[in-house]
$ cat input06.txt   # compact mmCIF, C-alpha atoms and all ligand atoms
# COMPACT_ATOMS: atom_id res chain seq x y z
CA ALA A 1 -8.01 15.98 -60.30
CA LYS A 2 -5.31 14.41 -58.15
CA ASN A 3 -7.85 12.85 -55.82
CA GLY A 4 -9.36 10.91 -58.71
CA GLY A 5 -12.34 13.03 -59.62
CA LYS A 6 -15.07 11.15 -61.52
CA ASP A 7 -13.67 12.31 -64.85
CA ASP A 8 -10.31 10.63 -64.65
CA LEU A 9 -11.34 7.17 -63.60
CA CYS A 10 -10.38 4.39 -65.97
CA ILE A 11 -12.37 1.31 -65.06
CA PHE A 12 -10.48 -0.85 -67.59
CA ASP A 13 -7.28 -0.58 -65.63
CA PRO A 14 -7.49 -3.43 -63.09
CA ILE A 15 -5.44 -1.64 -60.45
CA MET A 16 -7.42 1.56 -60.85
CA HIS A 17 -10.54 -0.59 -60.73
CA ASP A 18 -9.64 -1.78 -57.23
CA VAL A 19 -8.89 1.75 -56.12
CA VAL A 20 -12.22 2.93 -57.49
CA GLU A 21 -14.13 0.08 -55.90
CA ASP A 22 -12.46 0.72 -52.60
CA ARG A 23 -13.25 4.42 -52.70
CA LEU A 24 -16.83 3.68 -53.66
CA ALA A 25 -17.15 1.21 -50.80
CA MET A 26 -15.58 3.70 -48.44
CA SER A 27 -17.87 6.45 -49.66
CA ASN A 28 -20.93 4.29 -48.99
CA GLU A 29 -19.71 3.27 -45.55
CA LEU A 30 -18.81 6.84 -44.65
CA ARG A 31 -22.39 7.84 -45.36
CA GLY A 32 -23.60 5.76 -42.43
CA ALA A 33 -20.57 6.25 -40.21
CA LEU A 34 -21.87 9.38 -38.56
CA ASP A 35 -25.20 7.80 -37.61
CA ARG A 36 -23.45 4.68 -36.33
CA GLY A 37 -21.28 6.81 -34.05
CA GLU A 38 -18.03 5.81 -35.78
CA LEU A 39 -16.81 9.39 -36.16
CA SER A 40 -15.23 11.37 -33.38
CA LEU A 41 -13.00 14.37 -32.90
CA HIS A 42 -9.60 14.38 -31.35
CA TYR A 43 -7.97 17.62 -30.28
CA GLN A 44 -4.36 18.65 -30.73
CA PRO A 45 -3.09 21.23 -28.23
CA ILE A 46 -1.70 24.53 -29.49
CA TYR A 47 0.70 26.00 -26.97
CA GLY A 48 2.58 29.20 -26.46
CA ILE A 49 6.09 28.16 -27.51
CA LYS A 50 7.65 29.67 -24.38
CA GLY A 51 5.65 27.24 -22.22
CA GLU A 52 2.45 29.16 -21.63
CA PRO A 53 -0.69 27.16 -20.80
CA LEU A 54 -2.86 25.61 -23.46
CA VAL A 55 -4.21 28.42 -25.65
CA ALA A 56 -6.17 26.49 -28.27
CA VAL A 57 -6.91 23.04 -29.64
CA GLU A 58 -7.35 21.92 -33.24
CA ALA A 59 -10.25 19.53 -33.83
CA LEU A 60 -9.23 16.62 -36.06
CA MET A 61 -11.72 14.08 -37.32
CA ARG A 62 -11.30 10.39 -36.57
CA TRP A 63 -13.10 7.45 -38.17
CA ASN A 64 -13.06 4.24 -36.23
CA HIS A 65 -14.28 1.70 -38.79
CA PRO A 66 -15.56 -1.64 -37.41
CA VAL A 67 -13.45 -3.65 -39.88
CA ARG A 68 -10.85 -1.26 -41.33
CA GLY A 69 -9.99 0.09 -37.89
CA ALA A 70 -8.78 3.67 -37.63
CA VAL A 71 -9.02 5.16 -41.13
CA PRO A 72 -6.67 8.16 -41.48
CA PRO A 73 -8.27 11.50 -42.45
CA VAL A 74 -5.97 11.74 -45.48
CA GLU A 75 -7.88 8.72 -46.81
CA PHE A 76 -11.47 9.47 -45.89
CA ILE A 77 -11.60 13.30 -46.07
CA PRO A 78 -10.90 13.31 -49.84
CA VAL A 79 -13.61 10.65 -50.30
CA ALA A 80 -16.05 12.78 -48.31
CA GLU A 81 -15.05 15.82 -50.37
CA ALA A 82 -15.56 14.02 -53.67
CA SER A 83 -19.07 12.90 -52.74
CA GLY A 84 -20.08 16.17 -51.10
CA LEU A 85 -20.65 14.36 -47.82
CA ILE A 86 -18.00 16.62 -46.27
CA VAL A 87 -20.65 19.35 -45.95
CA THR A 88 -22.61 17.12 -43.55
CA LEU A 89 -19.52 15.82 -41.76
CA GLY A 90 -18.10 19.33 -41.50
CA ALA A 91 -21.31 20.68 -39.98
CA TRP A 92 -21.20 17.85 -37.47
CA ALA A 93 -17.55 18.58 -36.61
CA LEU A 94 -18.33 22.24 -36.05
CA ASP A 95 -21.23 21.40 -33.76
CA GLU A 96 -19.30 18.73 -31.88
CA ALA A 97 -16.25 20.98 -31.35
CA CYS A 98 -18.45 23.79 -29.98
CA ARG A 99 -20.34 21.36 -27.77
CA GLN A 100 -17.05 20.06 -26.41
CA LEU A 101 -15.69 23.56 -25.81
CA ARG A 102 -18.81 24.36 -23.81
CA GLN A 103 -18.34 21.17 -21.82
CA TRP A 104 -14.71 21.99 -21.00
CA GLN A 105 -15.75 25.44 -19.91
CA ASP A 106 -18.49 24.03 -17.69
CA THR A 107 -16.21 21.43 -16.07
CA PRO A 108 -15.09 22.59 -12.61
CA ASP A 109 -11.38 23.22 -11.99
CA THR A 110 -10.40 23.52 -15.62
CA GLY A 111 -8.81 26.94 -15.06
CA THR A 112 -8.14 28.50 -18.45
CA ALA A 113 -10.93 26.60 -20.23
CA GLY A 114 -12.87 29.86 -20.25
CA GLN A 115 -10.31 31.36 -22.65
CA LEU A 116 -9.56 28.23 -24.67
CA GLN A 117 -10.10 28.51 -28.42
CA VAL A 118 -11.07 25.68 -30.73
CA SER A 119 -9.89 25.49 -34.33
CA VAL A 120 -12.00 23.62 -36.88
CA ASN A 121 -10.91 22.65 -40.40
CA LEU A 122 -13.14 23.67 -43.30
CA SER A 123 -13.22 22.11 -46.74
CA ALA A 124 -13.70 24.00 -50.01
CA ARG A 125 -17.24 22.65 -50.38
CA GLN A 126 -18.23 24.07 -47.02
CA LEU A 127 -16.73 27.47 -47.78
CA ALA A 128 -18.61 27.56 -51.09
CA ASP A 129 -21.90 26.78 -49.34
CA ASP A 130 -24.04 29.92 -49.00
CA ASP A 131 -25.45 28.59 -45.73
CA LEU A 132 -22.08 28.47 -43.98
CA PRO A 133 -22.19 31.85 -42.17
CA HIS A 134 -25.70 31.10 -40.92
CA LEU A 135 -24.68 27.61 -39.85
CA VAL A 136 -21.69 28.96 -37.92
CA ALA A 137 -23.82 31.62 -36.20
CA GLN A 138 -26.45 29.05 -35.25
CA THR A 139 -23.87 26.61 -33.92
CA LEU A 140 -22.18 29.25 -31.75
CA ALA A 141 -25.56 30.33 -30.38
CA ARG A 142 -26.68 26.74 -29.70
CA HIS A 143 -23.72 26.17 -27.41
CA ASP A 144 -23.46 29.74 -26.18
CA ILE A 145 -19.87 30.13 -27.38
CA ALA A 146 -18.35 33.60 -27.72
CA PRO A 147 -17.48 33.95 -31.44
CA HIS A 148 -13.81 34.91 -30.91
CA ARG A 149 -13.22 31.47 -29.40
CA LEU A 150 -13.86 29.74 -32.70
CA ILE A 151 -11.12 29.60 -35.33
CA LEU A 152 -11.92 28.28 -38.80
CA GLU A 153 -9.01 26.93 -40.85
CA ILE A 154 -9.03 27.28 -44.61
CA THR A 155 -6.30 26.57 -47.16
CA GLU A 156 -4.77 28.93 -49.69
CA SER A 157 -6.17 26.94 -52.60
CA MET A 158 -9.69 27.61 -51.32
CA MET A 159 -9.05 31.34 -51.56
CA ILE A 160 -7.49 31.71 -54.99
CA ASN A 161 -10.02 30.00 -57.28
CA ASP A 162 -12.44 32.89 -57.08
CA VAL A 163 -10.75 35.61 -55.07
CA GLU A 164 -13.72 37.98 -54.99
CA ALA A 165 -16.14 35.29 -53.85
CA ALA A 166 -13.70 34.08 -51.21
CA ILE A 167 -13.19 37.59 -49.82
CA ARG A 168 -16.96 38.10 -49.61
CA ARG A 169 -17.52 34.78 -47.85
CA LEU A 170 -14.65 35.30 -45.41
CA ARG A 171 -15.98 38.81 -44.65
CA GLU A 172 -19.37 37.30 -43.78
CA LEU A 173 -17.62 34.89 -41.42
CA LYS A 174 -15.45 37.61 -39.89
CA ASP A 175 -18.55 39.73 -39.31
CA LEU A 176 -19.72 37.01 -36.92
CA GLY A 177 -16.66 37.78 -34.78
CA ILE A 178 -14.82 34.50 -35.34
CA GLN A 179 -11.13 34.06 -36.17
CA LEU A 180 -9.81 32.83 -39.50
CA ALA A 181 -6.57 30.95 -40.08
CA VAL A 182 -4.85 29.95 -43.32
CA ASP A 183 -3.79 26.32 -43.02
CA ASP A 184 -0.65 24.80 -44.58
CA PHE A 185 0.65 28.31 -45.16
CA GLY A 186 3.46 28.60 -47.67
CA THR A 187 2.61 25.42 -49.58
CA GLY A 188 0.07 27.03 -51.90
CA TYR A 189 0.62 28.97 -55.06
CA SER A 190 1.46 32.65 -55.15
CA SER A 191 -1.53 33.97 -53.28
CA LEU A 192 0.90 36.04 -51.23
CA GLY A 193 0.03 39.15 -53.18
CA TYR A 194 -3.65 38.65 -52.47
CA LEU A 195 -3.16 37.88 -48.83
CA ARG A 196 -3.54 41.49 -47.73
CA GLN A 197 -7.06 41.58 -49.14
CA PHE A 198 -8.31 38.65 -47.11
CA PRO A 199 -9.76 39.29 -43.66
CA ILE A 200 -7.64 36.63 -41.96
CA ASP A 201 -6.06 36.61 -38.51
CA ARG A 202 -3.52 33.79 -38.45
CA VAL A 203 -1.40 31.63 -40.66
CA LYS A 204 -0.38 28.09 -39.83
CA ILE A 205 3.20 27.58 -40.96
CA ASP A 206 3.27 24.21 -42.68
CA LYS A 207 5.22 21.34 -41.18
CA SER A 208 7.47 21.18 -44.26
CA PHE A 209 9.08 24.46 -43.15
CA VAL A 210 9.43 23.33 -39.57
CA ASP A 211 11.08 20.13 -40.85
CA GLN A 212 13.81 22.20 -42.55
CA LEU A 213 14.72 24.34 -39.57
CA GLY A 214 17.96 22.38 -39.07
CA THR A 215 19.62 23.91 -42.14
CA SER A 216 20.54 27.57 -42.56
CA GLN A 217 18.59 27.73 -45.80
CA GLY A 218 15.52 26.20 -44.20
CA ARG A 219 15.82 28.54 -41.28
CA ALA A 220 16.03 31.53 -43.61
CA LEU A 221 12.90 30.33 -45.39
CA ALA A 222 10.97 29.98 -42.14
CA GLU A 223 12.22 33.39 -41.05
CA GLY A 224 10.93 34.90 -44.30
CA ILE A 225 7.51 33.36 -43.82
CA ILE A 226 7.25 34.40 -40.18
CA ASN A 227 8.33 37.95 -41.03
CA LEU A 228 5.84 38.05 -43.90
CA ALA A 229 3.08 37.02 -41.52
CA HIS A 230 4.06 39.69 -39.01
CA SER A 231 4.29 42.38 -41.68
CA LEU A 232 0.70 41.55 -42.64
CA ALA A 233 -0.33 41.62 -38.96
CA LEU A 234 -1.06 37.87 -39.04
CA GLU A 235 -0.21 35.64 -36.08
CA PRO A 236 2.00 32.76 -37.22
CA ILE A 237 1.37 29.33 -35.67
CA ALA A 238 3.90 26.62 -36.44
CA GLU A 239 2.69 23.09 -37.24
CA GLY A 240 4.40 19.76 -36.86
CA ILE A 241 6.97 20.71 -34.21
CA GLU A 242 8.57 17.39 -33.31
CA HIS A 243 11.83 18.47 -31.69
CA GLU A 244 13.01 20.85 -29.03
CA TYR A 245 15.48 22.56 -31.39
CA GLN A 246 12.62 23.44 -33.74
CA SER A 247 10.68 24.99 -30.92
CA THR A 248 13.76 27.01 -29.87
CA ALA A 249 14.45 28.14 -33.45
CA LEU A 250 10.82 29.22 -33.92
CA ASP A 251 10.95 31.17 -30.70
CA ASP A 252 14.15 32.91 -31.87
CA LEU A 253 12.42 33.78 -35.15
CA GLY A 254 9.49 35.38 -33.32
CA CYS A 255 6.87 32.66 -33.76
CA ARG A 256 4.94 32.55 -30.47
CA PHE A 257 2.58 29.62 -30.96
CA GLY A 258 2.89 26.08 -32.16
CA GLN A 259 1.59 22.55 -32.22
CA GLY A 260 3.25 19.23 -32.84
CA TYR A 261 4.21 15.90 -31.32
CA HIS A 262 6.93 17.66 -29.30
CA PHE A 263 4.13 19.25 -27.27
CA ALA A 264 1.28 16.78 -27.75
CA ARG A 265 -0.43 14.53 -30.27
CA PRO A 266 -4.11 14.85 -31.10
CA GLU A 267 -5.88 13.53 -27.99
CA SER A 268 -9.26 12.45 -26.70
CA PRO A 269 -11.42 15.13 -25.06
CA ASP A 270 -10.73 13.57 -21.63
CA MET A 271 -7.00 14.03 -22.02
CA ILE A 272 -7.53 17.69 -22.89
CA THR A 273 -9.70 18.03 -19.78
CA ARG A 274 -6.76 16.72 -17.75
CA ARG A 275 -4.37 19.20 -19.38
CA LEU A 276 -6.76 22.03 -18.54
CA ALA A 277 -6.93 20.84 -14.96
CA ASP A 278 -3.11 20.73 -14.81
CA ASN A 279 -2.98 24.31 -16.12
CA ALA A 280 -5.37 25.33 -13.38
CA GLN A 281 -3.08 23.91 -10.70
CA ARG A 282 0.01 25.79 -11.80
P1 LIG A 301 -4.06 19.48 -41.07
O1 LIG A 301 -5.26 20.35 -40.90
O2 LIG A 301 -2.85 20.10 -41.65
O3 LIG A 301 -3.79 18.87 -39.63
C1 LIG A 301 -2.52 18.60 -39.10
C2 LIG A 301 -2.14 17.15 -39.27
O4 LIG A 301 -0.80 16.97 -38.85
C3 LIG A 301 -2.97 16.21 -38.40
O5 LIG A 301 -3.09 14.99 -39.11
C4 LIG A 301 -2.08 16.03 -37.18
O6 LIG A 301 -2.34 14.84 -36.47
C5 LIG A 301 -0.73 15.99 -37.83
N1 LIG A 301 0.35 16.39 -36.93
C6 LIG A 301 0.29 17.25 -35.90
N2 LIG A 301 1.50 17.39 -35.32
C7 LIG A 301 2.35 16.59 -35.98
C8 LIG A 301 3.75 16.28 -35.84
O7 LIG A 301 4.46 16.80 -34.98
N3 LIG A 301 4.26 15.38 -36.74
C9 LIG A 301 3.51 14.80 -37.71
N4 LIG A 301 4.09 13.94 -38.53
N5 LIG A 301 2.20 15.07 -37.87
C10 LIG A 301 1.62 15.96 -37.02
P2 LIG A 301 -4.47 14.21 -39.24
O8 LIG A 301 -5.25 14.31 -37.95
O9 LIG A 301 -4.14 12.87 -39.77
O10 LIG A 301 -5.26 15.05 -40.32
C11 LIG A 301 -4.80 15.13 -41.64
C12 LIG A 301 -5.56 16.15 -42.44
O11 LIG A 301 -6.92 15.76 -42.60
C13 LIG A 301 -5.62 17.53 -41.78
O12 LIG A 301 -4.42 18.22 -41.98
C14 LIG A 301 -6.80 18.12 -42.49
O13 LIG A 301 -6.42 18.62 -43.75
C15 LIG A 301 -7.71 16.91 -42.69
N6 LIG A 301 -8.75 16.91 -41.65
C16 LIG A 301 -8.73 16.35 -40.41
N7 LIG A 301 -9.89 16.59 -39.76
C17 LIG A 301 -10.66 17.33 -40.60
C18 LIG A 301 -11.98 17.91 -40.50
O14 LIG A 301 -12.68 17.83 -39.49
N8 LIG A 301 -12.42 18.59 -41.62
C19 LIG A 301 -11.66 18.73 -42.74
N9 LIG A 301 -12.18 19.42 -43.79
N10 LIG A 301 -10.43 18.22 -42.85
C20 LIG A 301 -9.93 17.54 -41.79
CA CA A 302 -5.61 22.28 -39.98
CA CA A 303 -2.04 22.15 -41.57
CA CA A 304 -1.97 19.47 -44.02
$ encode --input "input06.txt" --output "structure tokens"
Amino acid sequence: AKNGGKDDLCIFDPIMHDVVEDRLAMSNELRGALDRGELSLHYQPIYGIKGEPLVAVEALMRWNHPVRGAVPPVEFIPVAEASGLIVTLGAWALDEACRQLRQWQDTPDTGTAGQLQVSVNLSARQLADDDLPHLVAQTLARHDIAPHRLILEITESMMINDVEAAIRRLRELKDLGIQLAVDDFGTGYSSLGYLRQFPIDRVKIDKSFVDQLGTSQGRALAEGIINLAHSLALEPIAEGIEHEYQSTALDDLGCRFGQGYHFARPESPDMITRRLADNAQR
């Protein structure tokens, strides 16, 4: 496995040894991080590309380590996945995101907060967990969140290992009334043929396509993906929009929603509260 699953560790290679030790140390520290309050969620705004108010936010996990500082998710999420700890961390993220959504909604003068949706990333381990639908239902109920306001993001690779099982699990989740999005869309294998069978609502067009919008070939590729999404009645949401021209191109191609540094970086809950208040004043 590319993340260094237990089977492909070679402890006799000194460099690998360091990597292994570091991951082991990180894994142990991550175990206590939640209890020590070192984990938090930041939220990246998802906007209507034509300048509509904030429609949704994506919850992104942050680990503020006392010595290492801010550890990027690309480093600690794979460690949490390898150890299985992601199931605990993921359940926490789901609860925290719903709690925060409730808080935004209950804050006075936050205008559209009542319609805001929150998107939460799922890992393969969580999706494979039989308890997931129950956990999601319980979490929504605990914070009194209408199901359609929760979006769960899954990746293509999580769907194609066991297609039948994935369809069944996603159906159970859809039956709760939540929304499902396919993350990093277009980067996976050829699950395109299967896509129709999955009860999904949105696809998140991967940043790599947005990056290529400056060339005619790249633009054609993005157009193909956006049209494919529309033909399957899926709402495309572009990721990693860093420049105005990308936003304009996506708009021309019929993609209505997007996120990226051009609009906003992932932010603290307080900054999102301020954005909601600004929306309300318009
Ligand atoms: P992702 O789900 O694809 O999230 C989007 C990533 O792109 C985020 O990185 C975000 O900060 C970054 N991004 C957004 N806009 C731009 C842009 O315009 N330019 C660039 N260069 N980057 C942009 P982040 O927060 O570092 O997260 C990385 C990955 O870690 C996520 O990718 C996701 O796969 C994983 N992750 C983060 N939080 C969670 C979580 O709570 N659970 C799980 N299972 N995975 C998570
Ligand atoms: Ca995501
Ligand atoms: Ca993504
Ligand atoms: Ca990604």
$ residues_near_ligand --input "input06.txt" --ligand "ligand CA 302 (chain A)" --cutoff "9 Å" --atoms "all atoms listed in the file" --output "PyMOL selection string"
chain A and resi 58-60+119-122+152-155+181-184+204+239
$ residues_near_ligand --input "input06.txt" --ligand "ligand LIG 301 (chain A)" --cutoff "8 Å" --atoms "only C-alpha atoms and all ligand atoms" --output "VMD selection string"
chain A and resid 41 to 42 44 58 to 62 72 to 74 77 86 89 to 90 93 to 94 120 to 124 153 183 to 184 206 to 207 239 to 242 259 to 262 264 to 266
$ residues_around --input "input06.txt" --residues "Gly258 in chain A" --least-positions-apart "2" --cutoff "12 Å" --atoms "all atoms listed in the file" --output "tab-separated table (two decimals) with C-alpha atoms, keeping the file's coordinate frame"
chain	number	residue	atom	x	y	z
A	44	GLN	CA	-4.36	18.65	-30.73
A	45	PRO	CA	-3.09	21.23	-28.23
A	46	ILE	CA	-1.70	24.53	-29.49
A	47	TYR	CA	0.70	26.00	-26.97
A	48	GLY	CA	2.58	29.20	-26.46
A	49	ILE	CA	6.09	28.16	-27.51
A	50	LYS	CA	7.65	29.67	-24.38
A	51	GLY	CA	5.65	27.24	-22.22
A	52	GLU	CA	2.45	29.16	-21.63
A	53	PRO	CA	-0.69	27.16	-20.80
A	54	LEU	CA	-2.86	25.61	-23.46
A	55	VAL	CA	-4.21	28.42	-25.65
A	56	ALA	CA	-6.17	26.49	-28.27
A	57	VAL	CA	-6.91	23.04	-29.64
A	58	GLU	CA	-7.35	21.92	-33.24
A	202	ARG	CA	-3.52	33.79	-38.45
A	203	VAL	CA	-1.40	31.63	-40.66
A	204	LYS	CA	-0.38	28.09	-39.83
A	205	ILE	CA	3.20	27.58	-40.96
A	206	ASP	CA	3.27	24.21	-42.68
A	207	LYS	CA	5.22	21.34	-41.18
A	210	VAL	CA	9.43	23.33	-39.57
A	235	GLU	CA	-0.21	35.64	-36.08
A	236	PRO	CA	2.00	32.76	-37.22
A	237	ILE	CA	1.37	29.33	-35.67
A	238	ALA	CA	3.90	26.62	-36.44
A	239	GLU	CA	2.69	23.09	-37.24
A	240	GLY	CA	4.40	19.76	-36.86
A	241	ILE	CA	6.97	20.71	-34.21
A	242	GLU	CA	8.57	17.39	-33.31
A	243	HIS	CA	11.83	18.47	-31.69
A	244	GLU	CA	13.01	20.85	-29.03
A	246	GLN	CA	12.62	23.44	-33.74
A	247	SER	CA	10.68	24.99	-30.92
A	248	THR	CA	13.76	27.01	-29.87
A	249	ALA	CA	14.45	28.14	-33.45
A	250	LEU	CA	10.82	29.22	-33.92
A	251	ASP	CA	10.95	31.17	-30.70
A	254	GLY	CA	9.49	35.38	-33.32
A	255	CYS	CA	6.87	32.66	-33.76
A	256	ARG	CA	4.94	32.55	-30.47
A	260	GLY	CA	3.25	19.23	-32.84
A	261	TYR	CA	4.21	15.90	-31.32
A	262	HIS	CA	6.93	17.66	-29.30
A	263	PHE	CA	4.13	19.25	-27.27
A	264	ALA	CA	1.28	16.78	-27.75
$ residues_around --input "input06.txt" --residues "range 196-199 of chain A" --least-positions-apart "5" --cutoff "8 Å" --atoms "all atoms listed in the file" --output "JSON, numbers by chain"
{"A": [167, 170, 171, 174, 180, 232]}
$ closest_residue --input "input06.txt" --among "A:Glu29, A:Glu156, A:Asp278, A:Glu172" --to "ligand CA 304 (chain A)" --atoms "only C-alpha atoms and all ligand atoms"
A:Glu156
$ atom_distance --input "input06.txt" --atom1 "CA of Asp270 in chain A" --atom2 "CA of Asp144 in chain A"
21.1 Å
$ residues_near_point --input "input06.txt" --point "(-21.3, 17.4, -54.4)" --cutoff "12 Å" --atoms "all atoms listed in the file" --output "CSV table (one decimal) with C-alpha atoms, in the coordinates of the input"
chain,number,residue,atom,x,y,z
A,5,GLY,CA,-12.3,13.0,-59.6
A,6,LYS,CA,-15.1,11.2,-61.5
A,79,VAL,CA,-13.6,10.6,-50.3
A,80,ALA,CA,-16.0,12.8,-48.3
A,81,GLU,CA,-15.0,15.8,-50.4
A,82,ALA,CA,-15.6,14.0,-53.7
A,83,SER,CA,-19.1,12.9,-52.7
A,84,GLY,CA,-20.1,16.2,-51.1
A,85,LEU,CA,-20.6,14.4,-47.8
A,86,ILE,CA,-18.0,16.6,-46.3
A,87,VAL,CA,-20.6,19.4,-46.0
A,88,THR,CA,-22.6,17.1,-43.6
A,124,ALA,CA,-13.7,24.0,-50.0
A,125,ARG,CA,-17.2,22.6,-50.4
A,126,GLN,CA,-18.2,24.1,-47.0
A,128,ALA,CA,-18.6,27.6,-51.1
A,129,ASP,CA,-21.9,26.8,-49.3
$ atom_distance --input "input06.txt" --atom1 "CA of Glu75 in chain A" --atom2 "CA of His134 in chain A"
29.2 Å
$ closest_residue --input "input06.txt" --among "A:Gln281, A:Thr187, A:Glu164, A:Gln212" --to "ligand CA 304 (chain A)" --atoms "all atoms listed in the file"
A:Thr187
$ closest_residue --input "input06.txt" --among "A:Ala137, A:Val163, A:Leu195, A:Cys98" --to "Asp175 in chain A" --atoms "all atoms listed in the file"
A:Ala137
$ residues_around --input "input06.txt" --residues "Arg36 in chain A" --least-positions-apart "3" --cutoff "12 Å" --atoms "only C-alpha atoms" --output "list in words"
Glu29, Leu30, Arg31, Gly32, Ala33, Leu39, Ser40, Trp63, Asn64, His65 and Pro66 of chain A
$ closest_residue --input "input06.txt" --among "A:Gly186, A:Glu267, A:Gly114, A:Ser216" --to "ligand CA 304 (chain A)" --atoms "all atoms listed in the file"
A:Gly186
$ atom_distance --input "input06.txt" --atom1 "CA of Arg274 in chain A" --atom2 "CA of Arg99 in chain A"
17.5 Å
$ axis_aligned_box --input "input06.txt" --around "range 37-54 of chain A" --padding-each-side "3 Å" --output "JSON"
{"center_x": -6.8, "center_y": 17.7, "center_z": -28.5, "size_x": 34.9, "size_y": 29.9, "size_z": 21.4}
$ closest_residue --input "input06.txt" --among "A:Gly188, A:Pro108, A:Pro78, A:Pro147" --to "ligand CA 303 (chain A)" --atoms "all atoms listed in the file"
A:Gly188
$ closest_residue --input "input06.txt" --among "A:Ser208, A:Thr110, A:Thr139, A:Gln115" --to "Glu96 in chain A" --atoms "only C-alpha atoms"
A:Thr139
$ decode --input "input06.txt" --residues "range 127-132 of chain A" --atoms "all heavy atoms" --output "JSON list (two decimals), in the first residue's frame"
[["chain", "number", "residue", "atom", "x", "y", "z"],
["A", 127, "LEU", "N", -16.89, 4.33, 6.17],
["A", 127, "LEU", "CA", -17.95, 3.87, 5.26],
["A", 127, "LEU", "C", -18.18, 2.37, 5.43],
["A", 127, "LEU", "O", -19.31, 1.89, 5.33],
["A", 127, "LEU", "CB", -17.58, 4.19, 3.81],
["A", 127, "LEU", "CG", -18.73, 4.06, 2.81],
["A", 127, "LEU", "CD1", -19.80, 5.10, 3.08],
["A", 127, "LEU", "CD2", -18.24, 4.15, 1.38],
["A", 128, "ALA", "N", -17.11, 1.63, 5.72],
["A", 128, "ALA", "CA", -17.23, 0.18, 5.88],
["A", 128, "ALA", "C", -17.85, -0.20, 7.23],
["A", 128, "ALA", "O", -18.28, -1.33, 7.41],
["A", 128, "ALA", "CB", -15.85, -0.46, 5.75],
["A", 129, "ASP", "N", -17.92, 0.75, 8.13],
["A", 129, "ASP", "CA", -18.43, 0.48, 9.48],
["A", 129, "ASP", "C", -19.96, 0.37, 9.46],
["A", 129, "ASP", "O", -20.65, 1.31, 9.07],
["A", 129, "ASP", "CB", -17.99, 1.64, 10.40],
["A", 129, "ASP", "CG", -18.32, 1.38, 11.85],
["A", 129, "ASP", "OD1", -19.12, 0.46, 12.14],
["A", 129, "ASP", "OD2", -17.80, 2.13, 12.71],
["A", 130, "ASP", "N", -20.47, -0.77, 9.89],
["A", 130, "ASP", "CA", -21.93, -1.01, 9.87],
["A", 130, "ASP", "C", -22.70, 0.01, 10.71],
["A", 130, "ASP", "O", -23.88, 0.22, 10.51],
["A", 130, "ASP", "CB", -22.25, -2.41, 10.40],
["A", 130, "ASP", "CG", -21.80, -3.49, 9.42],
["A", 130, "ASP", "OD1", -21.60, -3.16, 8.24],
["A", 130, "ASP", "OD2", -21.64, -4.65, 9.85],
["A", 131, "ASP", "N", -22.02, 0.59, 11.68],
["A", 131, "ASP", "CA", -22.69, 1.54, 12.58],
["A", 131, "ASP", "C", -22.88, 2.93, 11.97],
["A", 131, "ASP", "O", -23.57, 3.76, 12.55],
["A", 131, "ASP", "CB", -21.86, 1.72, 13.87],
["A", 131, "ASP", "CG", -22.07, 0.57, 14.83],
["A", 131, "ASP", "OD1", -23.09, -0.13, 14.67],
["A", 131, "ASP", "OD2", -21.23, 0.39, 15.72],
["A", 132, "LEU", "N", -22.24, 3.18, 10.82],
["A", 132, "LEU", "CA", -22.22, 4.55, 10.30],
["A", 132, "LEU", "C", -23.61, 5.18, 10.13],
["A", 132, "LEU", "O", -23.83, 6.29, 10.63],
["A", 132, "LEU", "CB", -21.41, 4.63, 9.00],
["A", 132, "LEU", "CG", -21.31, 6.05, 8.42],
["A", 132, "LEU", "CD1", -20.45, 6.96, 9.29],
["A", 132, "LEU", "CD2", -20.78, 6.03, 7.00]]
